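Raw data_34.cif, mmCIF, N, CA and C atoms:
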data_target
loop_
_atom_site.group_PDB
_atom_site.id
_atom_site.type_symbol
_atom_site.label_atom_id
_atom_site.label_comp_id
_atom_site.auth_asym_id
_atom_site.auth_seq_id
_atom_site.Cartn_x
_atom_site.Cartn_y
_atom_site.Cartn_z
ATOM 1 N N MET A 1 0.822 -1.194 0.000
ATOM 2 C CA MET A 1 0.000 0.000 0.000
ATOM 3 C C MET A 1 0.865 1.257 0.000
ATOM 4 N N CYS A 2 2.015 1.189 0.661
ATOM 5 C CA CYS A 2 2.915 2.328 0.723
ATOM 6 C C CYS A 2 3.492 2.640 -0.661
ATOM 7 N N MET A 3 3.772 1.590 -1.428
ATOM 8 C CA MET A 3 4.311 1.781 -2.780
ATOM 9 C C MET A 3 3.276 2.438 -3.690
ATOM 10 N N LEU A 4 2.019 2.076 -3.514
ATOM 11 C CA LEU A 4 0.952 2.664 -4.317
ATOM 12 C C LEU A 4 0.820 4.161 -4.032
ATOM 13 N N LYS A 5 0.906 4.531 -2.775
ATOM 14 C CA LYS A 5 0.844 5.951 -2.417
ATOM 15 C C LYS A 5 2.040 6.707 -2.989
ATOM 16 N N PHE A 6 3.214 6.084 -2.925
ATOM 17 C CA PHE A 6 4.404 6.712 -3.488
ATOM 18 C C PHE A 6 4.241 6.947 -4.986
ATOM 19 N N LEU A 7 3.744 5.945 -5.703
ATOM 20 C CA LEU A 7 3.535 6.097 -7.148
ATOM 21 C C LEU A 7 2.492 7.157 -7.452
ATOM 22 N N LEU A 8 1.454 7.207 -6.651
ATOM 23 C CA LEU A 8 0.409 8.205 -6.837
ATOM 24 C C LEU A 8 0.968 9.619 -6.649
ATOM 25 N N ILE A 9 1.732 9.804 -5.602
ATOM 26 C CA ILE A 9 2.339 11.114 -5.345
ATOM 27 C C ILE A 9 3.357 11.454 -6.435
ATOM 28 N N PHE A 10 4.163 10.494 -6.839
ATOM 29 C CA PHE A 10 5.167 10.719 -7.878
ATOM 30 C C PHE A 10 4.516 11.120 -9.203
ATOM 31 N N CYS A 11 3.452 10.411 -9.593
ATOM 32 C CA CYS A 11 2.747 10.748 -10.833
ATOM 33 C C CYS A 11 2.099 12.123 -10.738
ATOM 34 N N PHE A 12 1.541 12.428 -9.576
ATOM 35 C CA PHE A 12 0.921 13.738 -9.375
ATOM 36 C C PHE A 12 1.952 14.849 -9.537
ATOM 37 N N ILE A 13 3.108 14.673 -8.899
ATOM 38 C CA ILE A 13 4.150 15.693 -8.978
ATOM 39 C C ILE A 13 4.647 15.854 -10.410
ATOM 40 N N CYS A 14 4.811 14.764 -11.137
ATOM 41 C CA CYS A 14 5.286 14.839 -12.521
ATOM 42 C C CYS A 14 4.286 15.553 -13.419
ATOM 43 N N VAL A 15 3.017 15.194 -13.295
ATOM 44 C CA VAL A 15 1.987 15.813 -14.142
ATOM 45 C C VAL A 15 1.844 17.297 -13.824
ATOM 46 N N VAL A 16 1.828 17.636 -12.559
ATOM 47 C CA VAL A 16 1.688 19.047 -12.172
ATOM 48 C C VAL A 16 2.907 19.846 -12.620
ATOM 49 N N ALA A 17 4.101 19.276 -12.455
ATOM 50 C CA ALA A 17 5.309 19.977 -12.893
ATOM 51 C C ALA A 17 5.284 20.222 -14.395
ATOM 52 N N TYR A 18 4.833 19.235 -15.159
ATOM 53 C CA TYR A 18 4.737 19.383 -16.616
ATOM 54 C C TYR A 18 3.737 20.474 -16.982
ATOM 55 N N LEU A 19 2.566 20.450 -16.374
ATOM 56 C CA LEU A 19 1.545 21.460 -16.670
ATOM 57 C C LEU A 19 2.027 22.862 -16.302
ATOM 58 N N VAL A 20 2.680 22.975 -15.180
ATOM 59 C CA VAL A 20 3.138 24.292 -14.730
ATOM 60 C C VAL A 20 4.251 24.804 -15.628
ATOM 61 N N LYS A 21 5.250 23.951 -15.914
ATOM 62 C CA LYS A 21 6.407 24.423 -16.670
ATOM 63 C C LYS A 21 6.076 24.784 -18.115
ATOM 64 N N PHE A 22 5.320 23.939 -18.793
ATOM 65 C CA PHE A 22 5.123 24.132 -20.221
ATOM 66 C C PHE A 22 3.859 24.900 -20.589
ATOM 67 N N PHE A 23 2.909 25.040 -19.662
ATOM 68 C CA PHE A 23 1.672 25.732 -20.002
ATOM 69 C C PHE A 23 1.380 26.916 -19.093
ATOM 70 N N LEU A 24 1.411 26.698 -17.795
ATOM 71 C CA LEU A 24 0.969 27.738 -16.879
ATOM 72 C C LEU A 24 1.949 28.900 -16.789
ATOM 73 N N VAL A 25 3.239 28.616 -16.681
ATOM 74 C CA VAL A 25 4.234 29.696 -16.563
ATOM 75 C C VAL A 25 4.255 30.590 -17.812
ATOM 76 N N PRO A 26 4.270 30.024 -19.037
ATOM 77 C CA PRO A 26 4.221 30.927 -20.205
ATOM 78 C C PRO A 26 2.933 31.751 -20.280
ATOM 79 N N CYS A 27 1.810 31.144 -19.894
ATOM 80 C CA CYS A 27 0.553 31.894 -19.914
ATOM 81 C C CYS A 27 0.567 33.018 -18.888
ATOM 82 N N LEU A 28 1.045 32.718 -17.690
ATOM 83 C CA LEU A 28 1.114 33.768 -16.667
ATOM 84 C C LEU A 28 2.107 34.858 -17.049
ATOM 85 N N GLU A 29 3.206 34.461 -17.703
ATOM 86 C CA GLU A 29 4.181 35.454 -18.157
ATOM 87 C C GLU A 29 3.558 36.376 -19.197
ATOM 88 N N MET A 30 2.758 35.808 -20.086
ATOM 89 C CA MET A 30 2.123 36.630 -21.117
ATOM 90 C C MET A 30 1.092 37.568 -20.503
ATOM 91 N N ILE A 31 0.363 37.096 -19.508
ATOM 92 C CA ILE A 31 -0.618 37.961 -18.850
ATOM 93 C C ILE A 31 0.094 39.060 -18.058
ATOM 94 N N LYS A 32 1.177 38.690 -17.362
ATOM 95 C CA LYS A 32 1.882 39.642 -16.506
ATOM 96 C C LYS A 32 2.672 40.675 -17.313
ATOM 97 N N ASN A 33 3.487 40.205 -18.269
ATOM 98 C CA ASN A 33 4.384 41.104 -18.998
ATOM 99 C C ASN A 33 3.765 41.688 -20.259
ATOM 100 N N GLY A 34 2.711 41.094 -20.744
ATOM 101 C CA GLY A 34 2.040 41.614 -21.921
ATOM 102 C C GLY A 34 2.913 41.560 -23.151
ATOM 103 N N GLU A 35 3.141 42.704 -23.763
ATOM 104 C CA GLU A 35 3.859 42.766 -25.037
ATOM 105 C C GLU A 35 5.344 42.472 -24.909
ATOM 106 N N GLU A 36 5.879 42.435 -23.719
ATOM 107 C CA GLU A 36 7.307 42.196 -23.543
ATOM 108 C C GLU A 36 7.651 40.719 -23.379
ATOM 109 N N SER A 37 6.651 39.849 -23.265
ATOM 110 C CA SER A 37 6.935 38.429 -23.057
ATOM 111 C C SER A 37 7.356 37.755 -24.365
ATOM 112 N N GLU A 38 8.117 36.679 -24.230
ATOM 113 C CA GLU A 38 8.620 35.958 -25.406
ATOM 114 C C GLU A 38 7.485 35.297 -26.181
ATOM 115 N N MET A 39 6.536 34.712 -25.446
ATOM 116 C CA MET A 39 5.425 34.038 -26.106
ATOM 117 C C MET A 39 4.609 35.030 -26.931
ATOM 118 N N TYR A 40 4.402 36.217 -26.395
ATOM 119 C CA TYR A 40 3.645 37.240 -27.106
ATOM 120 C C TYR A 40 4.350 37.610 -28.407
ATOM 121 N N LYS A 41 5.675 37.759 -28.350
ATOM 122 C CA LYS A 41 6.428 38.132 -29.553
ATOM 123 C C LYS A 41 6.352 37.040 -30.614
ATOM 124 N N LYS A 42 6.456 35.784 -30.195
ATOM 125 C CA LYS A 42 6.374 34.669 -31.146
ATOM 126 C C LYS A 42 4.992 34.597 -31.781
ATOM 127 N N VAL A 43 3.972 34.696 -30.948
ATOM 128 C CA VAL A 43 2.602 34.625 -31.447
ATOM 129 C C VAL A 43 2.305 35.815 -32.346
ATOM 130 N N LEU A 44 2.754 36.995 -31.966
ATOM 131 C CA LEU A 44 2.483 38.196 -32.746
ATOM 132 C C LEU A 44 3.144 38.131 -34.121
ATOM 133 N N ASP A 45 4.365 37.632 -34.182
ATOM 134 C CA ASP A 45 5.028 37.497 -35.483
ATOM 135 C C ASP A 45 4.255 36.568 -36.411
ATOM 136 N N ASN A 46 3.816 35.453 -35.888
ATOM 137 C CA ASN A 46 3.039 34.519 -36.704
ATOM 138 C C ASN A 46 1.684 35.105 -37.091
ATOM 139 N N LEU A 47 1.065 35.828 -36.156
ATOM 140 C CA LEU A 47 -0.240 36.427 -36.450
ATOM 141 C C LEU A 47 -0.144 37.524 -37.505
ATOM 142 N N LYS A 48 0.920 38.310 -37.474
ATOM 143 C CA LYS A 48 1.083 39.372 -38.474
ATOM 144 C C LYS A 48 1.176 38.776 -39.879
ATOM 145 N N ASP A 49 1.947 37.699 -40.002
ATOM 146 C CA ASP A 49 2.054 37.049 -41.300
ATOM 147 C C ASP A 49 0.716 36.474 -41.745
ATOM 148 N N TYR A 50 0.010 35.839 -40.822
ATOM 149 C CA TYR A 50 -1.287 35.252 -41.154
ATOM 150 C C TYR A 50 -2.306 36.325 -41.520
ATOM 151 N N CYS A 51 -2.316 37.424 -40.764
ATOM 152 C CA CYS A 51 -3.282 38.496 -41.025
ATOM 153 C C CYS A 51 -3.017 39.169 -42.368
ATOM 154 N N LYS A 52 -1.738 39.291 -42.751
ATOM 155 C CA LYS A 52 -1.426 39.872 -44.053
ATOM 156 C C LYS A 52 -1.904 38.973 -45.183
ATOM 157 N N ASP A 53 -1.737 37.662 -45.004
ATOM 158 C CA ASP A 53 -2.160 36.724 -46.045
ATOM 159 C C ASP A 53 -3.677 36.659 -46.181
ATOM 160 N N GLU A 54 -4.389 36.754 -45.070
ATOM 161 C CA GLU A 54 -5.841 36.578 -45.077
ATOM 162 C C GLU A 54 -6.623 37.895 -45.010
ATOM 163 N N ASN A 55 -5.942 39.030 -44.956
ATOM 164 C CA ASN A 55 -6.584 40.347 -44.848
ATOM 165 C C ASN A 55 -7.530 40.442 -43.648
ATOM 166 N N ILE A 56 -7.006 40.118 -42.476
ATOM 167 C CA ILE A 56 -7.777 40.150 -41.231
ATOM 168 C C ILE A 56 -7.202 41.235 -40.332
ATOM 169 N N ASP A 57 -8.079 41.859 -39.534
ATOM 170 C CA ASP A 57 -7.649 42.893 -38.595
ATOM 171 C C ASP A 57 -6.847 42.256 -37.459
ATOM 172 N N GLU A 58 -5.633 42.753 -37.215
ATOM 173 C CA GLU A 58 -4.741 42.184 -36.200
ATOM 174 C C GLU A 58 -5.280 42.357 -34.784
ATOM 175 N N ASP A 59 -5.901 43.482 -34.495
ATOM 176 C CA ASP A 59 -6.354 43.773 -33.133
ATOM 177 C C ASP A 59 -7.378 42.750 -32.643
ATOM 178 N N VAL A 60 -8.259 42.336 -33.523
ATOM 179 C CA VAL A 60 -9.285 41.360 -33.143
ATOM 180 C C VAL A 60 -8.630 40.021 -32.803
ATOM 181 N N ILE A 61 -7.678 39.610 -33.609
ATOM 182 C CA ILE A 61 -6.984 38.341 -33.374
ATOM 183 C C ILE A 61 -6.179 38.406 -32.075
ATOM 184 N N ILE A 62 -5.500 39.508 -31.817
ATOM 185 C CA ILE A 62 -4.702 39.646 -30.597
ATOM 186 C C ILE A 62 -5.597 39.595 -29.358
ATOM 187 N N GLN A 63 -6.763 40.218 -29.416
ATOM 188 C CA GLN A 63 -7.700 40.145 -28.292
ATOM 189 C C GLN A 63 -8.164 38.712 -28.064
ATOM 190 N N GLN A 64 -8.379 37.976 -29.135
ATOM 191 C CA GLN A 64 -8.788 36.579 -29.007
ATOM 192 C C GLN A 64 -7.675 35.735 -28.387
ATOM 193 N N VAL A 65 -6.432 36.027 -28.745
ATOM 194 C CA VAL A 65 -5.296 35.298 -28.169
ATOM 195 C C VAL A 65 -5.230 35.543 -26.673
ATOM 196 N N TYR A 66 -5.387 36.788 -26.243
ATOM 197 C CA TYR A 66 -5.385 37.089 -24.809
ATOM 198 C C TYR A 66 -6.528 36.359 -24.094
ATOM 199 N N LEU A 67 -7.682 36.313 -24.718
ATOM 200 C CA LEU A 67 -8.823 35.624 -24.126
ATOM 201 C C LEU A 67 -8.531 34.133 -23.973
ATOM 202 N N VAL A 68 -7.957 33.529 -24.999
ATOM 203 C CA VAL A 68 -7.624 32.102 -24.940
ATOM 204 C C VAL A 68 -6.575 31.841 -23.860
ATOM 205 N N VAL A 69 -5.585 32.709 -23.746
ATOM 206 C CA VAL A 69 -4.544 32.545 -22.721
ATOM 207 C C VAL A 69 -5.142 32.644 -21.326
ATOM 208 N N LYS A 70 -6.034 33.588 -21.103
ATOM 209 C CA LYS A 70 -6.664 33.716 -19.785
ATOM 210 C C LYS A 70 -7.535 32.508 -19.462
ATOM 211 N N ILE A 71 -8.270 32.023 -20.446
ATOM 212 C CA ILE A 71 -9.109 30.838 -20.230
ATOM 213 C C ILE A 71 -8.246 29.615 -19.952
ATOM 214 N N LEU A 72 -7.171 29.447 -20.706
ATOM 215 C CA LEU A 72 -6.263 28.323 -20.500
ATOM 216 C C LEU A 72 -5.640 28.377 -19.102
ATOM 217 N N THR A 73 -5.270 29.560 -18.659
ATOM 218 C CA THR A 73 -4.711 29.714 -17.316
ATOM 219 C C THR A 73 -5.726 29.313 -16.250
ATOM 220 N N PHE A 74 -6.945 29.764 -16.400
ATOM 221 C CA PHE A 74 -7.995 29.411 -15.443
ATOM 222 C C PHE A 74 -8.244 27.906 -15.428
ATOM 223 N N ILE A 75 -8.315 27.291 -16.598
ATOM 224 C CA ILE A 75 -8.560 25.853 -16.680
ATOM 225 C C ILE A 75 -7.417 25.072 -16.048
ATOM 226 N N LEU A 76 -6.176 25.474 -16.306
ATOM 227 C CA LEU A 76 -5.028 24.774 -15.724
ATOM 228 C C LEU A 76 -5.006 24.889 -14.205
ATOM 229 N N ILE A 77 -5.305 26.060 -13.685
ATOM 230 C CA ILE A 77 -5.351 26.227 -12.236
ATOM 231 C C ILE A 77 -6.462 25.360 -11.640
ATOM 232 N N ALA A 78 -7.600 25.300 -12.313
ATOM 233 C CA ALA A 78 -8.700 24.455 -11.838
ATOM 234 C C ALA A 78 -8.317 22.977 -11.873
ATOM 235 N N ILE A 79 -7.662 22.534 -12.938
ATOM 236 C CA ILE A 79 -7.248 21.134 -13.045
ATOM 237 C C ILE A 79 -6.242 20.780 -11.953
ATOM 238 N N ILE A 80 -5.269 21.634 -11.728
ATOM 239 C CA ILE A 80 -4.264 21.376 -10.694
ATOM 240 C C ILE A 80 -4.923 21.342 -9.310
ATOM 241 N N THR A 81 -5.854 22.228 -9.065
ATOM 242 C CA THR A 81 -6.562 22.234 -7.778
ATOM 243 C C THR A 81 -7.370 20.958 -7.593
ATOM 244 N N ILE A 82 -8.088 20.543 -8.616
ATOM 245 C CA ILE A 82 -8.870 19.304 -8.537
ATOM 246 C C ILE A 82 -7.960 18.099 -8.336
ATOM 247 N N MET A 83 -6.828 18.075 -9.045
ATOM 248 C CA MET A 83 -5.888 16.971 -8.865
ATOM 249 C C MET A 83 -5.345 16.946 -7.445
ATOM 250 N N PHE A 84 -5.044 18.094 -6.876
ATOM 251 C CA PHE A 84 -4.540 18.159 -5.516
ATOM 252 C C PHE A 84 -5.589 17.656 -4.524
ATOM 253 N N ILE A 85 -6.836 18.038 -4.717
ATOM 254 C CA ILE A 85 -7.906 17.591 -3.829
ATOM 255 C C ILE A 85 -8.093 16.084 -3.938
ATOM 256 N N LEU A 86 -8.069 15.552 -5.147
ATOM 257 C CA LEU A 86 -8.204 14.105 -5.324
ATOM 258 C C LEU A 86 -7.034 13.355 -4.710
ATOM 259 N N LEU A 87 -5.840 13.893 -4.840
ATOM 260 C CA LEU A 87 -4.661 13.276 -4.220
ATOM 261 C C LEU A 87 -4.797 13.287 -2.702
ATOM 262 N N TRP A 88 -5.243 14.407 -2.162
ATOM 263 C CA TRP A 88 -5.430 14.522 -0.715
ATOM 264 C C TRP A 88 -6.477 13.526 -0.217
ATOM 265 N N LEU A 89 -7.551 13.330 -0.983
ATOM 266 C CA LEU A 89 -8.588 12.367 -0.598
ATOM 267 C C LEU A 89 -8.090 10.926 -0.718
ATOM 268 N N ALA A 90 -7.223 10.663 -1.667
ATOM 269 C CA ALA A 90 -6.721 9.312 -1.877
ATOM 270 C C ALA A 90 -5.726 8.906 -0.807
ATOM 271 N N ILE A 91 -5.028 9.868 -0.254
ATOM 272 C CA ILE A 91 -4.006 9.544 0.755
ATOM 273 C C ILE A 91 -4.565 9.725 2.114
#

Structure rendered as structure tokens:
Amino acid sequence: MCMLKFLLIFCFICVVAYLVKFFLVPCLEMIKNGEESEMYKKVLDNLKDYCKDENIDEDVIIQQVYLVVKILTFILIAIITIMFILLWLAI
């Protein structure tokens, strides 16, 4: 039973670390730093090229990107919280 708890905690820590490092930190950086963040610059460069090809207004697309980033951040925080509660109930 002790080994099962260890594996459960180990898997929880690995999944949470992955979600935080690759998704949550870049999203929070983009929300916090705005136009100065690396993710914003990468996304903006790609969006400018796409908007020129498709004749779309850049401002509308940029607002949608911010909305998606905020929603993704909220969902990730909710998932991590639910996982923590389930881990706490399991142990």

Straight-line distance linking atom N of Met3 in chain A with atom N of Lys21 in chain A, stated in Å to one decimal: 26.7 Å

Those in chain A with alpha helix (DSSP H) from DSSP, as JSON, numbers by chain: {"A": [2, 3, 4, 5, 6, 7, 8, 9, 10, 11, 12, 13, 14, 15, 16, 17, 18, 19, 25, 26, 27, 28, 29, 30, 31, 32, 33, 38, 39, 40, 41, 42, 43, 44, 45, 46, 47, 48, 49, 50, 51, 52, 53, 54, 58, 59, 60, 61, 62, 63, 64, 65, 66, 67, 68, 69, 70, 71, 72, 73, 74, 75, 76, 77, 78, 79, 80, 81, 82, 83, 84, 85, 86, 87, 88, 89, 90]}

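Using only C-alpha atoms, the shortest contact distance between Phe84 in chain A and any of A:Val68, A:Ile31, A:Cys11, A:Cys2 is found at A:Cys11.
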
Nearby residues (only C-alpha atoms) at most 9 Å from range 72-77 of chain A, same-chain spacing under 4 positions excluded, as a PyMOL selection string: chain A and resi 19-20+23-25+27-28+67-68+81-82

Residues in the PyMOL selection byres (((chain A and resi 41-48 and name CA) around 12) and name CA), expressed as an NGL selection string: :A and (26 or 29-30 or 33-40 or 49-66 or 69)

Pick from A:Val15, A:Met1, A:Leu8, A:Phe22, whichever lies nearest to Ile80 in chain A using only N, CA and C atoms: A:Val15

Straight-line distance linking atom C of Ile71 in chain A with atom C of Trp88 in chain A, stated in Å to one decimal: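 Straight-line distance from atom C of Ile71 in chain A to atom C of Trp88 in chain A works out to 25.5 Å.
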
For CA of Phe10 in chain A and atom N of Leu89 in chain A, the interatomic separation in Å (one decimal):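 Value for the CA of Phe10 in chain A-atom N of Leu89 in chain A distance: 14.7 Å.
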
Range 46-57 of chain A rebuilt with all heavy atoms, output as a PDB file, in the coordinates of the input:
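Output file out.pdb is given in full below:
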ATOM      1  N   ASN A  46       3.816  35.453 -35.888  1.00  0.00           N
ATOM      2  CA  ASN A  46       3.039  34.519 -36.704  1.00  0.00           C
ATOM      3  C   ASN A  46       1.684  35.105 -37.091  1.00  0.00           C
ATOM      4  O   ASN A  46       1.208  34.907 -38.210  1.00  0.00           O
ATOM      5  CB  ASN A  46       2.840  33.194 -35.970  1.00  0.00           C
ATOM      6  CG  ASN A  46       4.124  32.408 -35.867  1.00  0.00           C
ATOM      7  OD1 ASN A  46       5.002  32.536 -36.694  1.00  0.00           O
ATOM      8  ND2 ASN A  46       4.232  31.606 -34.829  1.00  0.00           N
ATOM      9  N   LEU A  47       1.065  35.828 -36.156  1.00  0.00           N
ATOM     10  CA  LEU A  47      -0.240  36.427 -36.450  1.00  0.00           C
ATOM     11  C   LEU A  47      -0.144  37.524 -37.505  1.00  0.00           C
ATOM     12  O   LEU A  47      -1.037  37.668 -38.340  1.00  0.00           O
ATOM     13  CB  LEU A  47      -0.859  37.002 -35.183  1.00  0.00           C
ATOM     14  CG  LEU A  47      -1.506  36.001 -34.245  1.00  0.00           C
ATOM     15  CD1 LEU A  47      -1.993  36.707 -32.993  1.00  0.00           C
ATOM     16  CD2 LEU A  47      -2.648  35.279 -34.911  1.00  0.00           C
ATOM     17  N   LYS A  48       0.920  38.310 -37.474  1.00  0.00           N
ATOM     18  CA  LYS A  48       1.083  39.372 -38.474  1.00  0.00           C
ATOM     19  C   LYS A  48       1.176  38.776 -39.879  1.00  0.00           C
ATOM     20  O   LYS A  48       0.556  39.274 -40.811  1.00  0.00           O
ATOM     21  CB  LYS A  48       2.315  40.207 -38.169  1.00  0.00           C
ATOM     22  CG  LYS A  48       2.121  41.172 -37.040  1.00  0.00           C
ATOM     23  CD  LYS A  48       3.353  42.021 -36.818  1.00  0.00           C
ATOM     24  CE  LYS A  48       3.130  42.987 -35.679  1.00  0.00           C
ATOM     25  NZ  LYS A  48       4.303  43.825 -35.411  1.00  0.00           N
ATOM     26  N   ASP A  49       1.947  37.699 -40.002  1.00  0.00           N
ATOM     27  CA  ASP A  49       2.054  37.049 -41.300  1.00  0.00           C
ATOM     28  C   ASP A  49       0.716  36.474 -41.745  1.00  0.00           C
ATOM     29  O   ASP A  49       0.315  36.617 -42.901  1.00  0.00           O
ATOM     30  CB  ASP A  49       3.101  35.924 -41.254  1.00  0.00           C
ATOM     31  CG  ASP A  49       4.499  36.458 -41.014  1.00  0.00           C
ATOM     32  OD1 ASP A  49       4.743  37.652 -41.306  1.00  0.00           O
ATOM     33  OD2 ASP A  49       5.349  35.679 -40.530  1.00  0.00           O
ATOM     34  N   TYR A  50       0.010  35.839 -40.822  1.00  0.00           N
ATOM     35  CA  TYR A  50      -1.287  35.252 -41.154  1.00  0.00           C
ATOM     36  C   TYR A  50      -2.306  36.325 -41.520  1.00  0.00           C
ATOM     37  O   TYR A  50      -3.061  36.180 -42.484  1.00  0.00           O
ATOM     38  CB  TYR A  50      -1.797  34.421 -39.974  1.00  0.00           C
ATOM     39  CG  TYR A  50      -3.153  33.821 -40.216  1.00  0.00           C
ATOM     40  CD1 TYR A  50      -3.295  32.715 -41.037  1.00  0.00           C
ATOM     41  CD2 TYR A  50      -4.295  34.370 -39.638  1.00  0.00           C
ATOM     42  CE1 TYR A  50      -4.539  32.168 -41.269  1.00  0.00           C
ATOM     43  CE2 TYR A  50      -5.537  33.837 -39.861  1.00  0.00           C
ATOM     44  CZ  TYR A  50      -5.656  32.727 -40.675  1.00  0.00           C
ATOM     45  OH  TYR A  50      -6.897  32.196 -40.916  1.00  0.00           O
ATOM     46  N   CYS A  51      -2.316  37.424 -40.764  1.00  0.00           N
ATOM     47  CA  CYS A  51      -3.282  38.496 -41.025  1.00  0.00           C
ATOM     48  C   CYS A  51      -3.017  39.169 -42.368  1.00  0.00           C
ATOM     49  O   CYS A  51      -3.945  39.579 -43.056  1.00  0.00           O
ATOM     50  CB  CYS A  51      -3.251  39.525 -39.902  1.00  0.00           C
ATOM     51  SG  CYS A  51      -3.940  38.919 -38.352  1.00  0.00           S
ATOM     52  N   LYS A  52      -1.738  39.291 -42.751  1.00  0.00           N
ATOM     53  CA  LYS A  52      -1.426  39.872 -44.053  1.00  0.00           C
ATOM     54  C   LYS A  52      -1.904  38.973 -45.183  1.00  0.00           C
ATOM     55  O   LYS A  52      -2.438  39.451 -46.180  1.00  0.00           O
ATOM     56  CB  LYS A  52       0.082  40.097 -44.182  1.00  0.00           C
ATOM     57  CG  LYS A  52       0.591  41.260 -43.375  1.00  0.00           C
ATOM     58  CD  LYS A  52       2.090  41.404 -43.523  1.00  0.00           C
ATOM     59  CE  LYS A  52       2.621  42.489 -42.603  1.00  0.00           C
ATOM     60  NZ  LYS A  52       4.096  42.594 -42.657  1.00  0.00           N
ATOM     61  N   ASP A  53      -1.737  37.662 -45.004  1.00  0.00           N
ATOM     62  CA  ASP A  53      -2.160  36.724 -46.045  1.00  0.00           C
ATOM     63  C   ASP A  53      -3.677  36.659 -46.181  1.00  0.00           C
ATOM     64  O   ASP A  53      -4.199  36.535 -47.279  1.00  0.00           O
ATOM     65  CB  ASP A  53      -1.627  35.317 -45.746  1.00  0.00           C
ATOM     66  CG  ASP A  53      -0.116  35.254 -45.823  1.00  0.00           C
ATOM     67  OD1 ASP A  53       0.488  36.152 -46.451  1.00  0.00           O
ATOM     68  OD2 ASP A  53       0.466  34.307 -45.248  1.00  0.00           O
ATOM     69  N   GLU A  54      -4.389  36.754 -45.070  1.00  0.00           N
ATOM     70  CA  GLU A  54      -5.841  36.578 -45.077  1.00  0.00           C
ATOM     71  C   GLU A  54      -6.623  37.895 -45.010  1.00  0.00           C
ATOM     72  O   GLU A  54      -7.854  37.863 -44.984  1.00  0.00           O
ATOM     73  CB  GLU A  54      -6.259  35.691 -43.896  1.00  0.00           C
ATOM     74  CG  GLU A  54      -5.650  34.314 -43.916  1.00  0.00           C
ATOM     75  CD  GLU A  54      -6.148  33.473 -45.068  1.00  0.00           C
ATOM     76  OE1 GLU A  54      -7.327  33.603 -45.459  1.00  0.00           O
ATOM     77  OE2 GLU A  54      -5.335  32.678 -45.587  1.00  0.00           O
ATOM     78  N   ASN A  55      -5.942  39.030 -44.956  1.00  0.00           N
ATOM     79  CA  ASN A  55      -6.584  40.347 -44.848  1.00  0.00           C
ATOM     80  C   ASN A  55      -7.530  40.442 -43.648  1.00  0.00           C
ATOM     81  O   ASN A  55      -8.697  40.788 -43.777  1.00  0.00           O
ATOM     82  CB  ASN A  55      -7.333  40.692 -46.134  1.00  0.00           C
ATOM     83  CG  ASN A  55      -6.402  40.866 -47.300  1.00  0.00           C
ATOM     84  OD1 ASN A  55      -5.262  41.285 -47.115  1.00  0.00           O
ATOM     85  ND2 ASN A  55      -6.854  40.523 -48.483  1.00  0.00           N
ATOM     86  N   ILE A  56      -7.006  40.118 -42.476  1.00  0.00           N
ATOM     87  CA  ILE A  56      -7.777  40.150 -41.231  1.00  0.00           C
ATOM     88  C   ILE A  56      -7.202  41.235 -40.332  1.00  0.00           C
ATOM     89  O   ILE A  56      -6.001  41.485 -40.336  1.00  0.00           O
ATOM     90  CB  ILE A  56      -7.700  38.778 -40.523  1.00  0.00           C
ATOM     91  CG1 ILE A  56      -8.256  37.681 -41.433  1.00  0.00           C
ATOM     92  CG2 ILE A  56      -8.463  38.798 -39.211  1.00  0.00           C
ATOM     93  CD1 ILE A  56      -8.083  36.287 -40.878  1.00  0.00           C
ATOM     94  N   ASP A  57      -8.079  41.859 -39.534  1.00  0.00           N
ATOM     95  CA  ASP A  57      -7.649  42.893 -38.595  1.00  0.00           C
ATOM     96  C   ASP A  57      -6.847  42.256 -37.459  1.00  0.00           C
ATOM     97  O   ASP A  57      -7.307  41.321 -36.800  1.00  0.00           O
ATOM     98  CB  ASP A  57      -8.873  43.620 -38.037  1.00  0.00           C
ATOM     99  CG  ASP A  57      -8.494  44.790 -37.159  1.00  0.00           C
ATOM    100  OD1 ASP A  57      -7.381  45.332 -37.349  1.00  0.00           O
ATOM    101  OD2 ASP A  57      -9.301  45.170 -36.293  1.00  0.00           O
TER     102      ASP A  57
END
